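One structure is given here, and the rest of the page talks about it.
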There are 2 protein chains.
Amino acid sequence: MSATSPTAIALLSGGLDSATAAALAIEAGDRVIGLSFDYGQRHRRELTAAAIVAAALALEEHLVIQVNLALWGGSALTDSRIPVPVDGPQDDGIPPTYVPGRNTVFIALGLSLAEARGAERLVLGVNAVDYSGYPDCRPDYLEAFQGLADLATKAGREGHGARLWAPLISWSKTEIVRQALRLGVPIADTWSCYSGGDQPCGRCDSCRIREAALIEAGRPDLTSRGGDGG
Amino acid sequence: MSATSPTAIALLSGGLDSATAAALAIEAGDRVIGLSFDYGQRHRRELTAAAIVAAALALEEHLVIQVNLALWGGSALTDSRIPVPVDGPQDDGIPPTYVPGRNTVFIALGLSLAEARGAERLVLGVNAVDYSGYPDCRPDYLEAFQGLADLATKAGREGHGARLWAPLISWSKTEIVRQALRLGVPIADTWSCYSGGDQPCGRCDSCRIREAALIEAGRPDLTSRGGDGG
């Protein structure tokens with residue numbers, strides 16, 4: 001990495017997936033700026049985790065922008081009156097932890113920062129395998145967003161807008177864990193348990209998917225520290 | 001309008017265009033919820049204007065969300081070190097008052113609110129005639145955003161997502177003024193002079209386009225009160 005390395009913006013939730021995606025961008029030679037969102041989430045503890053991840057990965061910079069989606073709620077993650085589902089099984093529907101339009105807002109903000117900084121890449125930890133219930137984690141959604149981005153921004157119209165890059169999109173959680181271990185991602189410090197307590201609940205979808213993958217990857221010692229939703 | 005009227009979200013900048021678009025939605029029979037953005041703009045006075053417009057049009061509700069795009073700047077509207085251009089003529093390029101990704105962020109937030117409230121329409125005051133220099137005010141951009149919205153949200157995937165509605169997109173500013181007069185929009189209370197003073201500067205693009213239209217529409221008495229950028 002040098003002063004002439006390409007710049008990438010990595011959306012950083014504090015969870016395992018986005019940390020792994022950011023680490024992949026660094027491995028690819030990018031100067032990585034992290035962007036996190038204080039959006040009124042009940043699991044605000046993930047923002048502390050994001051800061052720890054940013055420091056551990058030695059990101060160029062880490063920005064946190066406030067955008068209070070709890071102003072209108074509509075999700076178990078932003079409205080304390082809606083319970084977080086626990087003890088699965090997850091069904092095929094869209095779960096109540098889905099936040100209306102959240103990823104669209106986050107990616108839009110990432111593109112804004114990318115254009116302001118002349119970044120070439122917007123790095124996303126989205127994954128369509130374990131989170132197939134979320135409409136805004138699917139490949140067709142990301143393809144449509146790339147098309148919009150190419151029309152939306154000055155840089156895009158000029159042909160040098162940021163490219164969306166979601167390297168984990170089709171990986172299993174176990175594969176993500178293996179890559180995170182290979183890349184030195186501080187897995188134990190990542191966090192995205194949905195429930196907002198001091199310790200991960202171990203029962204929400206996010207905790208359950210993560211713990212199963214850590215066990216399958218041969219690292220059950222890491223299971224008690226957090227879940228992951230991005 | 002009744003309790004069973006369709007709900008619309010209208011993005012409300014405080015300027016003439018968005019106020020006129022909101023008034024058109026009311027005329028069409030919608031229950032209109034206004035949404036404004038405290039985004040670090042130097043012309044924050046437009047937020048006061050937005051509140052006055054919301055009250056004058058008797059909107060169902062008016063929400064203001066903070067999303068500080070000045071955190072990364074990149075525009076004359078969000079970075080005080082970049083001067084607002086005055087005394088035109090406007091050229092064909094993208095002007096320095098363009099805010100990277102701003103409309104994408106605003107529309108994304110509008111779609112989030114629309115989904116949370118089950119709104120059927122997202123009302124936009126964007127105009128491609130006077131603001132053709134802005135990439136995110138053009139019809140192809142809005143069409144691409146509709147395509148994204150249909151994939152992005154739970155409601156969109158289920159076939160009942162919000163429709164983007166930009167009734168002013170191809171109108172001249174003079175036509176907008178004529179419609180605003182017909183609809184009783186409080187034109188004198190609208191505001192979007194870019195320069196951020198206590199009084200409109202009369203020299204930025206926004207002021208100049210507005211003043212010319214008011215004169216052409218036969219209302220020069222309204223020229224000294226404000227410009228409009230949305």
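Quick note on naming: the chains in the structure tokens go A, B, ... in the order shown, residues restart at 1 in each chain, and ligands are numbered from 1 in order of appearance.
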
**Message:** With only C-alpha atoms considered, list every residue of chain B at most 8 Å from chain A, as a VMD selection string.
**Reply:** chain B and resid 65 to 68 71 to 74 94 100 to 102 104 to 105 108 to 109 111 to 113 115 to 117 134 to 136 140 to 141 144 to 145 147 to 148 151 to 154 157

**Request:** Going by DSSP on the backbone, which bits of segment 1-176 of chain B are strand (DSSP E or B)? Write them as number ranges by chain, please.
**Result:** B: 7-11, 31-38, 61-66, 86, 121-123, 163-165

**Item:** Contacts of Ala188 of chain A within 12 Å, only C-alpha atoms, excl. fewer than 2 positions in-chain, as a count of residues only
**Value:** 31

**Prompt:** When distances are computed from only C-alpha atoms, which of B:Ala76, B:Ile169, B:Ala128, B:Val86 shows the smallest separation from Thr20 of chain B?
**Reply:**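 Ranking B:Ala76, B:Ile169, B:Ala128, B:Val86 by distance to Thr20 of chain B, first place goes to B:Ile169.
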
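Between atom CA of Pro167 of chain A and atom CA of Gly202 of chain A the interatomic distance comes to 26.5 Å.
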
**Message:** Would you pick out the contacts of Arg45 of chain B at 10 Å or less, using only C-alpha atoms, so that residues sharing its chain but fewer than 3 positions from it are not included, and give the list as number ranges by chain?
**Reply:** B: 14, 41-42, 48-50, 191-194, 196-199

**Item:** Residues of segment 1-214 of chain B in helix (DSSP H, G or I), written as JSON, numbers by chain
**Value:** {"B": [16, 17, 18, 19, 20, 21, 22, 23, 24, 25, 26, 27, 45, 46, 47, 48, 49, 50, 51, 52, 53, 54, 55, 56, 69, 70, 71, 102, 103, 104, 105, 106, 107, 108, 109, 110, 111, 112, 113, 114, 115, 116, 117, 135, 136, 137, 139, 140, 141, 142, 143, 144, 145, 146, 147, 148, 149, 150, 151, 152, 154, 155, 156, 157, 173, 174, 175, 176, 177, 178, 179, 180, 181, 182, 183, 187, 188, 189, 205, 206, 207, 208, 209, 210, 211, 212, 213, 214]}

**Request:** Excluding Gly29 of chain B and residues on its chain fewer than 3 positions from it, collect all residues at most 8 Å away from it, counting only C-alpha atoms, and give them as a list in words.
**Result:**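 Once the adjacent positions are removed, what remains is Met1, Ser5, Pro6, Ala25 and Ile26 of chain B.
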
**Request:** Mind giving me the straight-line distance from atom CA of Thr78 of chain B to atom CA of Arg203 of chain B in Å, one decimal?
**Result:**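 Pair atom CA of Thr78 of chain B / atom CA of Arg203 of chain B returns 18.5 Å.
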